[in-house]
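Notes for the one structure printed next.
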Number of protein chains: 2
Amino acid sequence: MKLAMNKSCNLFKRGQYIFHESTYPHGLFCINRGKIKVVQSGETGKEQIIRFGKEGDVLGYESLLSGEKYSCSAVALEDSSVCFISRSFFLDLVAHNTKLATQLVILLANDLRKAEEKLTGLAQKTVRERTAEAILFLKEIFGYETDNITININISREEFASLIGAARETATRLLSEFKDDGIVELYGKKIRILNTHKLIQTANVRI
Amino acid sequence: MKLAMNKSCNLFKRGQYIFHESTYPHGLFCINRGKIKVVQSGETGKEQIIRFGKEGDVLGYESLLSGEKYSCSAVALEDSSVCFISRSFFLDLVAHNTKLATQLVILLANDLRKAEEKLTGLAQKTVRERTAEAILFLKEIFGYETDNITININISREEFASLIGAARETATRLLSEFKDDGIVELYGKKIRILNTHKLIQTANVRI
DNA sequence: CGCTACCTTGACGCGAATCAAGCGGCGTGG
DNA sequence: CCACGCCGCTTGATTCGCGTCAAGGTAGCG
């Protein structure tokens, strides 16, 4: 396959940047192994988590396709192996492969829908609701470890806070409230879900 | 042109729905004349404004392309004329027209970027900052009337509040604060910008 | 072993939501 | 043509969620 000749794999350690906001894309990235976060920094420099990526996910296609600078940065959440596919090769591929183009469109349309839903949630839900929602979201994305209750992701309080759009202290507080209520267990950077039902309830219901 | 045979125009009065959230799309809509808002309702039924549309804008392509239900509704902000293009015709067109497909991708990628930026702003900015930002945004989208200061849109306080993600009362208060500060003038549902510079300042700076 | 980075917990204050009351414009009907 | 009622807006009072500040605590790492 031609792809093999046009890709190159790189290792990124936790915290390393795969690409940087407001630089121009030269190609796109495919996560071979590992987990990453896509973040955007606000005017004050505080970072907001936009999306996560895991094995098999592709990064940076939106900016590559629109020809703009990256609006986000991608950072490795754990040591990861990421392939790079050059811009020209990819665009060539898209131009000659209608099916691929269609899939890209679907990908983008879904991303957009998710972003819009997140927007509505952020505007209308309380931090408590968003916290519950975020835990369920993490489970959805990363799944469980072999014990079937521990979410398969290491996430710092800082990161969790930036996911739900809240201050770090608030994230800490709410997570330990959830712990006190027997909804979750906390093991350092791991979260174990004890009561999914209650979590769903907390995420949706208002008052 | 074939298009003429496959489109039909309809008139919508202010407040009328062009399409409804969680129904399936049968085609897409092109705004001939008028203005619309794209809204999403949260769990509690409170509506969140996702986007605006004006003459020449196309609506509903994201759901049509991804094949999902509409995640939003579109509502006429003023009496509008909207064309309908059938699903099959459009998909056919896209399949045989690479340039169109490319443009769609760019459109989607840009929408996505905007949504992500809005997300970060919503999470990190105060309501005051978002209010200023929203006024500038409205100016950007709808432009001025012939007097060169009045933004060319009728928007209720309720709608403005749902644009900035705040309560109606808060929107009222902030707008009249801005009026007291000589930044804007308010004429019913119209906003006149008196001091763009101060508006930009209020939108960005924190502390 | 101590340093640093990150987390936890409490106290406090502010910003914004909610509640409540009154206003004003507008359409309707008498 | 005016009175009435409705709807959306304004403004004030009150409440409360959450951010910020501050003071330790803990764990990982050189």
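To be explicit about the labels: the chains of the structure tokens are called A, B, and onward in the order shown, and within each one the residues are counted from 1, while ligands get numbers from 1 in the order they are shown.
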
Requested in this report: Name the residues in contact with Thr131 in chain A at a cut-off of 8 Å, using only C-alpha atoms (C1' of nucleotides), excluding same-chain residues fewer than 2 positions from it; report them as JSON, numbers by chain.
Outcome: {"A": [127, 128, 129, 133, 134, 135, 164, 171, 174, 175, 203]}

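In this structure, the chain D residues at most 12 Å away from chain B are DG8, DC9, DT10, DT11, DG12 and DG19 of chain D, with only C-alpha atoms (C1' of nucleotides) considered.
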
Keeping only N, CA and C atoms (P, O5', C5', C4', C3', O3' and C1' of nucleotides), take the residues you just selected and write them out as a JSON list (two decimals), in the first residue's frame.
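Output file again02.json follows:
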[["chain", "number", "residue", "atom", "x", "y", "z"],
["D", 8, "DG", "P", -43.96, 36.47, 24.88],
["D", 8, "DG", "O5'", -42.89, 37.64, 25.08],
["D", 8, "DG", "C5'", -42.84, 38.71, 24.14],
["D", 8, "DG", "C4'", -42.18, 39.87, 24.81],
["D", 8, "DG", "C3'", -40.83, 39.53, 25.44],
["D", 8, "DG", "O3'", -39.87, 40.46, 24.98],
["D", 8, "DG", "C1'", -42.22, 40.65, 26.99],
["D", 9, "DC", "P", -38.40, 40.48, 25.53],
["D", 9, "DC", "O5'", -38.43, 41.74, 26.50],
["D", 9, "DC", "C5'", -38.83, 42.99, 25.97],
["D", 9, "DC", "C4'", -38.78, 44.02, 27.07],
["D", 9, "DC", "C3'", -37.44, 44.10, 27.78],
["D", 9, "DC", "O3'", -37.00, 45.44, 27.73],
["D", 9, "DC", "C1'", -39.22, 43.90, 29.34],
["D", 10, "DT", "P", -35.62, 45.87, 28.33],
["D", 10, "DT", "O5'", -36.02, 46.25, 29.81],
["D", 10, "DT", "C5'", -36.69, 47.47, 30.05],
["D", 10, "DT", "C4'", -36.93, 47.61, 31.54],
["D", 10, "DT", "C3'", -35.67, 47.72, 32.39],
["D", 10, "DT", "O3'", -35.70, 48.99, 33.02],
["D", 10, "DT", "C1'", -37.25, 46.24, 33.37],
["D", 11, "DT", "P", -34.44, 49.70, 33.63],
["D", 11, "DT", "O5'", -34.66, 49.51, 35.19],
["D", 11, "DT", "C5'", -35.98, 49.41, 35.69],
["D", 11, "DT", "C4'", -35.97, 48.83, 37.08],
["D", 11, "DT", "C3'", -34.60, 48.79, 37.76],
["D", 11, "DT", "O3'", -34.72, 49.41, 39.02],
["D", 11, "DT", "C1'", -35.68, 46.70, 37.94],
["D", 12, "DG", "P", -33.46, 49.65, 39.97],
["D", 12, "DG", "O5'", -33.93, 48.73, 41.19],
["D", 12, "DG", "C5'", -35.24, 48.87, 41.73],
["D", 12, "DG", "C4'", -35.51, 47.80, 42.75],
["D", 12, "DG", "C3'", -34.35, 47.51, 43.71],
["D", 12, "DG", "O3'", -34.87, 47.46, 45.04],
["D", 12, "DG", "C1'", -35.04, 45.51, 42.68],
["D", 19, "DG", "P", -16.44, 27.44, 38.87],
["D", 19, "DG", "O5'", -15.60, 28.75, 39.22],
["D", 19, "DG", "C5'", -16.07, 30.01, 38.78],
["D", 19, "DG", "C4'", -15.30, 31.12, 39.47],
["D", 19, "DG", "C3'", -13.80, 30.91, 39.46],
["D", 19, "DG", "O3'", -13.15, 32.17, 39.25],
["D", 19, "DG", "C1'", -14.58, 30.97, 41.71]]

Provide as a PDB file with N, CA and C atoms, in the first residue's frame the residues of chain B at most 8 Å from chain A, counting only C-alpha atoms.
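part-v1.pdb was written with the following content:
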ATOM      1  N   GLN B  40     -31.171  24.879  19.783  1.00  0.00           N
ATOM      2  CA  GLN B  40     -31.193  23.538  20.338  1.00  0.00           C
ATOM      3  C   GLN B  40     -31.819  23.665  21.719  1.00  0.00           C
ATOM      4  N   SER B  41     -32.691  22.744  22.080  1.00  0.00           N
ATOM      5  CA  SER B  41     -33.267  22.881  23.417  1.00  0.00           C
ATOM      6  C   SER B  41     -32.597  21.925  24.389  1.00  0.00           C
ATOM      7  N   GLY B  42     -32.277  22.479  25.540  1.00  0.00           N
ATOM      8  CA  GLY B  42     -31.624  21.704  26.590  1.00  0.00           C
ATOM      9  C   GLY B  42     -32.613  20.763  27.264  1.00  0.00           C
ATOM     10  N   GLU B  43     -32.118  20.014  28.245  1.00  0.00           N
ATOM     11  CA  GLU B  43     -32.957  19.020  28.934  1.00  0.00           C
ATOM     12  C   GLU B  43     -34.212  19.665  29.499  1.00  0.00           C
ATOM     13  N   THR B  44     -34.084  20.899  29.960  1.00  0.00           N
ATOM     14  CA  THR B  44     -35.217  21.567  30.597  1.00  0.00           C
ATOM     15  C   THR B  44     -36.114  22.285  29.601  1.00  0.00           C
ATOM     16  N   LYS B  46     -35.205  24.803  27.762  1.00  0.00           N
ATOM     17  CA  LYS B  46     -34.703  26.143  27.485  1.00  0.00           C
ATOM     18  C   LYS B  46     -33.907  26.122  26.185  1.00  0.00           C
ATOM     19  N   GLN B  48     -31.255  27.187  23.285  1.00  0.00           N
ATOM     20  CA  GLN B  48     -29.924  27.761  23.139  1.00  0.00           C
ATOM     21  C   GLN B  48     -29.719  28.101  21.673  1.00  0.00           C
ATOM     22  N   ILE B  50     -27.665  28.386  18.540  1.00  0.00           N
ATOM     23  CA  ILE B  50     -26.420  27.774  18.080  1.00  0.00           C
ATOM     24  C   ILE B  50     -25.779  28.630  16.991  1.00  0.00           C
ATOM     25  N   GLU B  62     -25.596  19.549   7.769  1.00  0.00           N
ATOM     26  CA  GLU B  62     -24.861  18.647   8.646  1.00  0.00           C
ATOM     27  C   GLU B  62     -25.648  17.367   8.935  1.00  0.00           C
ATOM     28  N   SER B  63     -26.930  17.525   9.275  1.00  0.00           N
ATOM     29  CA  SER B  63     -27.725  16.335   9.583  1.00  0.00           C
ATOM     30  C   SER B  63     -27.971  15.516   8.324  1.00  0.00           C
ATOM     31  N   LEU B  65     -26.062  15.224   5.783  1.00  0.00           N
ATOM     32  CA  LEU B  65     -24.848  14.532   5.388  1.00  0.00           C
ATOM     33  C   LEU B  65     -24.531  13.370   6.318  1.00  0.00           C
ATOM     34  N   SER B  66     -24.752  13.567   7.602  1.00  0.00           N
ATOM     35  CA  SER B  66     -24.425  12.493   8.531  1.00  0.00           C
ATOM     36  C   SER B  66     -25.550  11.469   8.614  1.00  0.00           C
ATOM     37  N   SER B  71     -30.255  17.822  14.978  1.00  0.00           N
ATOM     38  CA  SER B  71     -29.905  18.052  16.378  1.00  0.00           C
ATOM     39  C   SER B  71     -30.356  19.440  16.817  1.00  0.00           C
ATOM     40  N   ALA B  95     -22.230  13.874  -4.993  1.00  0.00           N
ATOM     41  CA  ALA B  95     -21.495  12.696  -5.451  1.00  0.00           C
ATOM     42  C   ALA B  95     -20.801  12.949  -6.789  1.00  0.00           C
ATOM     43  N   THR B  98     -17.090  17.183  -7.314  1.00  0.00           N
ATOM     44  CA  THR B  98     -16.025  17.163  -6.317  1.00  0.00           C
ATOM     45  C   THR B  98     -15.837  18.524  -5.675  1.00  0.00           C
ATOM     46  N   ALA B 101     -18.321  19.095  -3.012  1.00  0.00           N
ATOM     47  CA  ALA B 101     -17.993  18.279  -1.843  1.00  0.00           C
ATOM     48  C   ALA B 101     -16.882  18.949  -1.033  1.00  0.00           C
ATOM     49  N   LEU B 104     -18.207  21.851   0.873  1.00  0.00           N
ATOM     50  CA  LEU B 104     -18.986  21.403   2.024  1.00  0.00           C
ATOM     51  C   LEU B 104     -18.070  21.066   3.181  1.00  0.00           C
ATOM     52  N   VAL B 105     -16.985  20.382   2.850  1.00  0.00           N
ATOM     53  CA  VAL B 105     -16.030  20.017   3.885  1.00  0.00           C
ATOM     54  C   VAL B 105     -15.474  21.270   4.558  1.00  0.00           C
ATOM     55  N   ILE B 106     -15.148  22.259   3.755  1.00  0.00           N
ATOM     56  CA  ILE B 106     -14.612  23.500   4.308  1.00  0.00           C
ATOM     57  C   ILE B 106     -15.646  24.188   5.195  1.00  0.00           C
ATOM     58  N   LEU B 107     -16.885  24.191   4.706  1.00  0.00           N
ATOM     59  CA  LEU B 107     -17.987  24.772   5.468  1.00  0.00           C
ATOM     60  C   LEU B 107     -18.099  24.112   6.831  1.00  0.00           C
ATOM     61  N   LEU B 108     -18.111  22.798   6.811  1.00  0.00           N
ATOM     62  CA  LEU B 108     -18.246  22.038   8.048  1.00  0.00           C
ATOM     63  C   LEU B 108     -17.062  22.292   8.976  1.00  0.00           C
ATOM     64  N   ALA B 109     -15.868  22.282   8.395  1.00  0.00           N
ATOM     65  CA  ALA B 109     -14.670  22.474   9.212  1.00  0.00           C
ATOM     66  C   ALA B 109     -14.691  23.847   9.872  1.00  0.00           C
ATOM     67  N   ASN B 110     -15.174  24.841   9.149  1.00  0.00           N
ATOM     68  CA  ASN B 110     -15.266  26.186   9.721  1.00  0.00           C
ATOM     69  C   ASN B 110     -16.326  26.267  10.808  1.00  0.00           C
ATOM     70  N   ASP B 111     -17.472  25.657  10.547  1.00  0.00           N
ATOM     71  CA  ASP B 111     -18.517  25.625  11.564  1.00  0.00           C
ATOM     72  C   ASP B 111     -17.983  25.007  12.846  1.00  0.00           C
ATOM     73  N   LEU B 112     -17.240  23.936  12.655  1.00  0.00           N
ATOM     74  CA  LEU B 112     -16.709  23.216  13.805  1.00  0.00           C
ATOM     75  C   LEU B 112     -15.763  24.099  14.600  1.00  0.00           C
ATOM     76  N   ARG B 113     -14.899  24.784  13.887  1.00  0.00           N
ATOM     77  CA  ARG B 113     -13.948  25.666  14.560  1.00  0.00           C
ATOM     78  C   ARG B 113     -14.680  26.742  15.348  1.00  0.00           C
ATOM     79  N   ALA B 115     -17.699  26.611  16.541  1.00  0.00           N
ATOM     80  CA  ALA B 115     -18.377  26.001  17.677  1.00  0.00           C
ATOM     81  C   ALA B 115     -17.391  25.770  18.817  1.00  0.00           C
ATOM     82  N   GLU B 116     -16.180  25.350  18.459  1.00  0.00           N
ATOM     83  CA  GLU B 116     -15.187  25.079  19.494  1.00  0.00           C
ATOM     84  C   GLU B 116     -14.744  26.359  20.182  1.00  0.00           C
ATOM     85  N   GLU B 117     -14.601  27.404  19.393  1.00  0.00           N
ATOM     86  CA  GLU B 117     -14.220  28.679  19.992  1.00  0.00           C
ATOM     87  C   GLU B 117     -15.315  29.204  20.912  1.00  0.00           C
ATOM     88  N   LYS B 118     -16.543  29.010  20.459  1.00  0.00           N
ATOM     89  CA  LYS B 118     -17.667  29.436  21.280  1.00  0.00           C
ATOM     90  C   LYS B 118     -17.677  28.672  22.608  1.00  0.00           C
ATOM     91  N   LEU B 119     -17.348  27.415  22.511  1.00  0.00           N
ATOM     92  CA  LEU B 119     -17.293  26.547  23.684  1.00  0.00           C
ATOM     93  C   LEU B 119     -16.302  27.082  24.692  1.00  0.00           C
ATOM     94  N   THR B 120     -15.108  27.376  24.233  1.00  0.00           N
ATOM     95  CA  THR B 120     -14.071  27.888  25.127  1.00  0.00           C
ATOM     96  C   THR B 120     -14.498  29.208  25.744  1.00  0.00           C
ATOM     97  N   GLY B 121     -15.078  30.066  24.918  1.00  0.00           N
ATOM     98  CA  GLY B 121     -15.540  31.356  25.422  1.00  0.00           C
ATOM     99  C   GLY B 121     -16.595  31.192  26.495  1.00  0.00           C
ATOM    100  N   LEU B 122     -17.531  30.313  26.218  1.00  0.00           N
ATOM    101  CA  LEU B 122     -18.634  30.085  27.149  1.00  0.00           C
ATOM    102  C   LEU B 122     -18.121  29.559  28.476  1.00  0.00           C
ATOM    103  N   ALA B 123     -17.106  28.706  28.394  1.00  0.00           N
ATOM    104  CA  ALA B 123     -16.584  28.096  29.609  1.00  0.00           C
ATOM    105  C   ALA B 123     -15.744  29.073  30.420  1.00  0.00           C
ATOM    106  N   GLN B 124     -15.103  30.013  29.750  1.00  0.00           N
ATOM    107  CA  GLN B 124     -14.089  30.788  30.450  1.00  0.00           C
ATOM    108  C   GLN B 124     -14.402  32.263  30.609  1.00  0.00           C
ATOM    109  N   GLY B 165     -25.968  32.666  26.572  1.00  0.00           N
ATOM    110  CA  GLY B 165     -26.032  31.652  27.624  1.00  0.00           C
ATOM    111  C   GLY B 165     -26.201  32.276  28.991  1.00  0.00           C
ATOM    112  N   ALA B 166     -27.281  33.029  29.142  1.00  0.00           N
ATOM    113  CA  ALA B 166     -27.539  33.686  30.421  1.00  0.00           C
ATOM    114  C   ALA B 166     -29.047  33.817  30.609  1.00  0.00           C
ATOM    115  N   ASN B 204     -12.735  41.222  25.388  1.00  0.00           N
ATOM    116  CA  ASN B 204     -11.509  40.439  25.519  1.00  0.00           C
ATOM    117  C   ASN B 204     -10.869  40.459  26.886  1.00  0.00           C
ATOM    118  N   VAL B 205     -10.680  41.633  27.377  1.00  0.00           N
ATOM    119  CA  VAL B 205      -9.856  41.777  28.559  1.00  0.00           C
ATOM    120  C   VAL B 205     -10.531  41.171  29.774  1.00  0.00           C
ATOM    121  N   ARG B 206      -9.723  40.555  30.582  1.00  0.00           N
ATOM    122  CA  ARG B 206     -10.204  39.984  31.840  1.00  0.00           C
ATOM    123  C   ARG B 206      -9.483  40.716  32.959  1.00  0.00           C
TER     124      ARG B 206
END

**Report entry** Test item, helix (DSSP H, G or I) assignment across range 6-201 of chain A, answer as number ranges by chain
**Finding:** A: 6, 61-66, 87-96, 98-124, 127-142, 157-164, 168-180, 196-201

Compile the contact shell of DC19 in chain C as a JSON list (two decimals) with N, CA and C atoms (P, O5', C5', C4', C3', O3' and C1' of nucleotides), in the first residue's frame: residues with an atom at most 10 Å away, counting only C-alpha atoms (C1' of nucleotides), same-chain residues fewer than 6 positions apart removed.
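As a result, result.json now contains:
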[["chain", "number", "residue", "atom", "x", "y", "z"],
["D", 13, "DA", "P", -33.96, 47.18, 46.30],
["D", 13, "DA", "O5'", -34.30, 45.65, 46.59],
["D", 13, "DA", "C5'", -35.65, 45.23, 46.77],
["D", 13, "DA", "C4'", -35.68, 43.80, 47.25],
["D", 13, "DA", "C3'", -34.63, 43.46, 48.31],
["D", 13, "DA", "O3'", -35.23, 42.60, 49.28],
["D", 13, "DA", "C1'", -34.31, 42.08, 46.40],
["D", 14, "DT", "P", -34.36, 42.04, 50.51],
["D", 14, "DT", "O5'", -34.00, 40.57, 50.02],
["D", 14, "DT", "C5'", -35.03, 39.70, 49.57],
["D", 14, "DT", "C4'", -34.41, 38.43, 49.04],
["D", 14, "DT", "C3'", -33.32, 37.83, 49.94],
["D", 14, "DT", "O3'", -33.74, 36.51, 50.30],
["D", 14, "DT", "C1'", -32.62, 37.86, 47.68],
["D", 15, "DT", "P", -32.86, 35.59, 51.24],
["D", 15, "DT", "O5'", -32.30, 34.56, 50.16],
["D", 15, "DT", "C5'", -33.18, 34.10, 49.13],
["D", 15, "DT", "C4'", -32.39, 33.22, 48.19],
["D", 15, "DT", "C3'", -31.41, 32.28, 48.89],
["D", 15, "DT", "O3'", -31.58, 30.99, 48.32],
["D", 15, "DT", "C1'", -30.28, 33.55, 47.26]]

Please find the residues of chain C near chain B - the criterion being any atom within 10 Å, counting only C-alpha atoms (C1' of nucleotides) - and write them as a tab-separated table (two decimals) with C-alpha atoms (C1' of nucleotides), in the first residue's frame.
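Writing done, so here's selection.tsv:
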chain	number	residue	atom	x	y	z
C	15	DG	C1'	-21.53	37.17	39.90
C	16	DA	C1'	-25.42	35.63	38.08
C	17	DA	C1'	-29.87	32.99	38.70
C	18	DT	C1'	-34.17	33.25	40.67

Query - Residues near range 75-86 of chain B, cut-off 7 Å, only C-alpha atoms (C1' of nucleotides), skip fewer than 3 positions along chain, as a ChimeraX atom specification - result: /B:6-18,26-38,89-90

Query raised in the report: Can you list, as a ChimeraX atom specification, every protein, DNA or RNA residue that comes within 12 Å of DG30 in chain D when you count only C-alpha atoms (C1' of nucleotides), leaving out same-chain residues fewer than 6 positions away?
Result: /C:1-4

What's the 12 Å shell around Tyr144 in chain A, counting only C-alpha atoms (C1' of nucleotides), without same-chain residues fewer than 6 positions away, as an mmCIF file with N, CA and C atoms, in the first residue's frame?
data_model
loop_
_atom_site.group_PDB
_atom_site.id
_atom_site.type_symbol
_atom_site.label_atom_id
_atom_site.label_comp_id
_atom_site.auth_asym_id
_atom_site.auth_seq_id
_atom_site.Cartn_x
_atom_site.Cartn_y
_atom_site.Cartn_z
ATOM 1 N N ILE A 135 -18.076 12.207 33.570
ATOM 2 C CA ILE A 135 -17.639 10.871 33.984
ATOM 3 C C ILE A 135 -18.213 9.830 33.029
ATOM 4 N N LEU A 136 -19.486 9.978 32.700
ATOM 5 C CA LEU A 136 -20.110 9.056 31.748
ATOM 6 C C LEU A 136 -19.456 9.160 30.377
ATOM 7 N N PHE A 137 -19.113 10.379 30.016
ATOM 8 C CA PHE A 137 -18.456 10.636 28.738
ATOM 9 C C PHE A 137 -17.098 9.940 28.685
ATOM 10 N N LEU A 138 -16.345 10.038 29.754
ATOM 11 C CA LEU A 138 -15.028 9.390 29.812
ATOM 12 C C LEU A 138 -15.184 7.875 29.690
ATOM 13 N N THR A 150 -13.341 0.488 36.586
ATOM 14 C CA THR A 150 -12.380 1.590 36.529
ATOM 15 C C THR A 150 -12.290 2.137 35.112
ATOM 16 N N ILE A 151 -12.506 3.431 34.957
ATOM 17 C CA ILE A 151 -12.410 4.036 33.632
ATOM 18 C C ILE A 151 -10.960 4.045 33.185
ATOM 19 N N ASN A 152 -10.743 3.621 31.954
ATOM 20 C CA ASN A 152 -9.401 3.393 31.442
ATOM 21 C C ASN A 152 -8.712 4.679 30.992
ATOM 22 N N ILE A 153 -8.557 5.612 31.926
ATOM 23 C CA ILE A 153 -7.881 6.869 31.602
ATOM 24 C C ILE A 153 -7.300 7.478 32.873
ATOM 25 N N ASN A 154 -6.113 8.010 32.760
ATOM 26 C CA ASN A 154 -5.522 8.794 33.831
ATOM 27 C C ASN A 154 -5.808 10.254 33.545
ATOM 28 N N LYS A 190 -7.420 7.872 38.646
ATOM 29 C CA LYS A 190 -8.415 6.959 38.078
ATOM 30 C C LYS A 190 -9.764 7.188 38.745
ATOM 31 N N ILE A 191 -10.806 6.954 37.968
ATOM 32 C CA ILE A 191 -12.158 7.044 38.505
ATOM 33 C C ILE A 191 -12.834 5.695 38.322
ATOM 34 N N ARG A 192 -13.458 5.211 39.391
ATOM 35 C CA ARG A 192 -14.239 3.980 39.305
ATOM 36 C C ARG A 192 -15.714 4.316 39.458
ATOM 37 N N ILE A 193 -16.504 3.826 38.551
ATOM 38 C CA ILE A 193 -17.939 4.092 38.628
ATOM 39 C C ILE A 193 -18.625 3.012 39.453
#

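Atom to atom, C1' of DG17 in chain D and CA of Ala132 in chain A stand 16.4 Å apart.
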
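Minimum atom-to-atom distance to DA27 in chain D, evaluated using only C-alpha atoms (C1' of nucleotides), belongs to A:Lys189 out of A:Gly60, A:Gln201, A:Lys189, A:Gly53.
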
Requested in this report: Write out as a PyMOL selection string all residues of range 32-158 of chain B that DSSP puts in strand (DSSP E) for this structure's backbone.
Outcome: chain B and resi 32-33+35-41+47-54+58-59+73-76+80-86

Just write the chosen residues, N, CA and C atoms, as a compact mmCIF listing (two decimals), in the first residue's frame.
# COMPACT_ATOMS: atom_id res chain seq x y z
N ASN B 32 -33.46 32.39 1.01
CA ASN B 32 -33.60 33.26 -0.13
C ASN B 32 -33.63 34.72 0.32
N ARG B 33 -34.42 34.92 1.35
CA ARG B 33 -34.59 36.25 1.91
C ARG B 33 -35.03 36.07 3.35
N LYS B 35 -34.07 36.11 7.80
CA LYS B 35 -33.08 35.73 8.81
C LYS B 35 -33.65 34.62 9.67
N ILE B 36 -32.81 33.70 10.04
CA ILE B 36 -33.28 32.61 10.90
C ILE B 36 -32.29 32.37 12.05
N LYS B 37 -32.77 31.68 13.04
CA LYS B 37 -31.89 31.23 14.12
C LYS B 37 -31.93 29.72 14.18
N VAL B 38 -30.80 29.13 14.48
CA VAL B 38 -30.72 27.69 14.68
C VAL B 38 -30.60 27.46 16.17
N VAL B 39 -31.56 26.73 16.73
CA VAL B 39 -31.59 26.58 18.18
C VAL B 39 -31.61 25.11 18.59
N GLN B 40 -31.17 24.88 19.78
CA GLN B 40 -31.19 23.54 20.34
C GLN B 40 -31.82 23.67 21.72
N SER B 41 -32.69 22.74 22.08
CA SER B 41 -33.27 22.88 23.42
C SER B 41 -32.60 21.93 24.39
N GLU B 47 -34.18 27.06 25.33
CA GLU B 47 -33.50 27.01 24.03
C GLU B 47 -32.17 27.76 24.02
N GLN B 48 -31.25 27.19 23.28
CA GLN B 48 -29.92 27.76 23.14
C GLN B 48 -29.72 28.10 21.67
N ILE B 49 -29.33 29.35 21.39
CA ILE B 49 -29.07 29.70 19.99
C ILE B 49 -27.69 29.20 19.59
N ILE B 50 -27.67 28.39 18.54
CA ILE B 50 -26.42 27.77 18.08
C ILE B 50 -25.78 28.63 16.99
N ARG B 51 -26.62 29.17 16.13
CA ARG B 51 -26.10 29.85 14.95
C ARG B 51 -27.19 30.73 14.35
N PHE B 52 -26.78 31.67 13.50
CA PHE B 52 -27.76 32.44 12.75
C PHE B 52 -27.61 32.14 11.28
N GLY B 53 -28.66 32.42 10.55
CA GLY B 53 -28.56 32.30 9.10
C GLY B 53 -29.21 33.50 8.45
N LYS B 54 -28.66 33.89 7.31
CA LYS B 54 -29.25 35.00 6.58
C LYS B 54 -29.24 34.66 5.09
N VAL B 58 -27.09 28.26 3.81
CA VAL B 58 -27.72 26.95 3.65
C VAL B 58 -27.87 26.31 5.02
N LEU B 59 -29.00 25.66 5.22
CA LEU B 59 -29.32 25.09 6.53
C LEU B 59 -29.50 23.58 6.44
N SER B 73 -33.24 22.93 15.76
CA SER B 73 -34.37 23.43 14.99
C SER B 73 -33.96 24.73 14.34
N ALA B 74 -34.64 25.06 13.25
CA ALA B 74 -34.42 26.36 12.63
C ALA B 74 -35.73 27.14 12.69
N VAL B 75 -35.64 28.38 13.14
CA VAL B 75 -36.82 29.22 13.32
C VAL B 75 -36.59 30.55 12.62
N ALA B 76 -37.63 31.03 11.94
CA ALA B 76 -37.52 32.32 11.25
C ALA B 76 -37.48 33.46 12.27
N SER B 80 -39.48 35.19 6.15
CA SER B 80 -38.38 34.74 5.31
C SER B 80 -38.86 33.85 4.18
N SER B 81 -38.10 33.87 3.13
CA SER B 81 -38.37 32.99 2.00
C SER B 81 -37.24 31.97 1.92
N VAL B 82 -37.62 30.71 1.98
CA VAL B 82 -36.63 29.64 2.08
C VAL B 82 -36.89 28.58 1.01
N CYS B 83 -35.84 28.21 0.29
CA CYS B 83 -35.97 27.17 -0.73
C CYS B 83 -35.64 25.81 -0.14
N PHE B 84 -36.30 24.82 -0.65
CA PHE B 84 -36.05 23.44 -0.23
C PHE B 84 -35.42 22.68 -1.39
N ILE B 85 -34.34 21.95 -1.09
CA ILE B 85 -33.72 21.12 -2.11
C ILE B 85 -33.76 19.68 -1.61
N SER B 86 -34.28 18.81 -2.43
CA SER B 86 -34.53 17.45 -1.94
C SER B 86 -33.23 16.70 -1.69
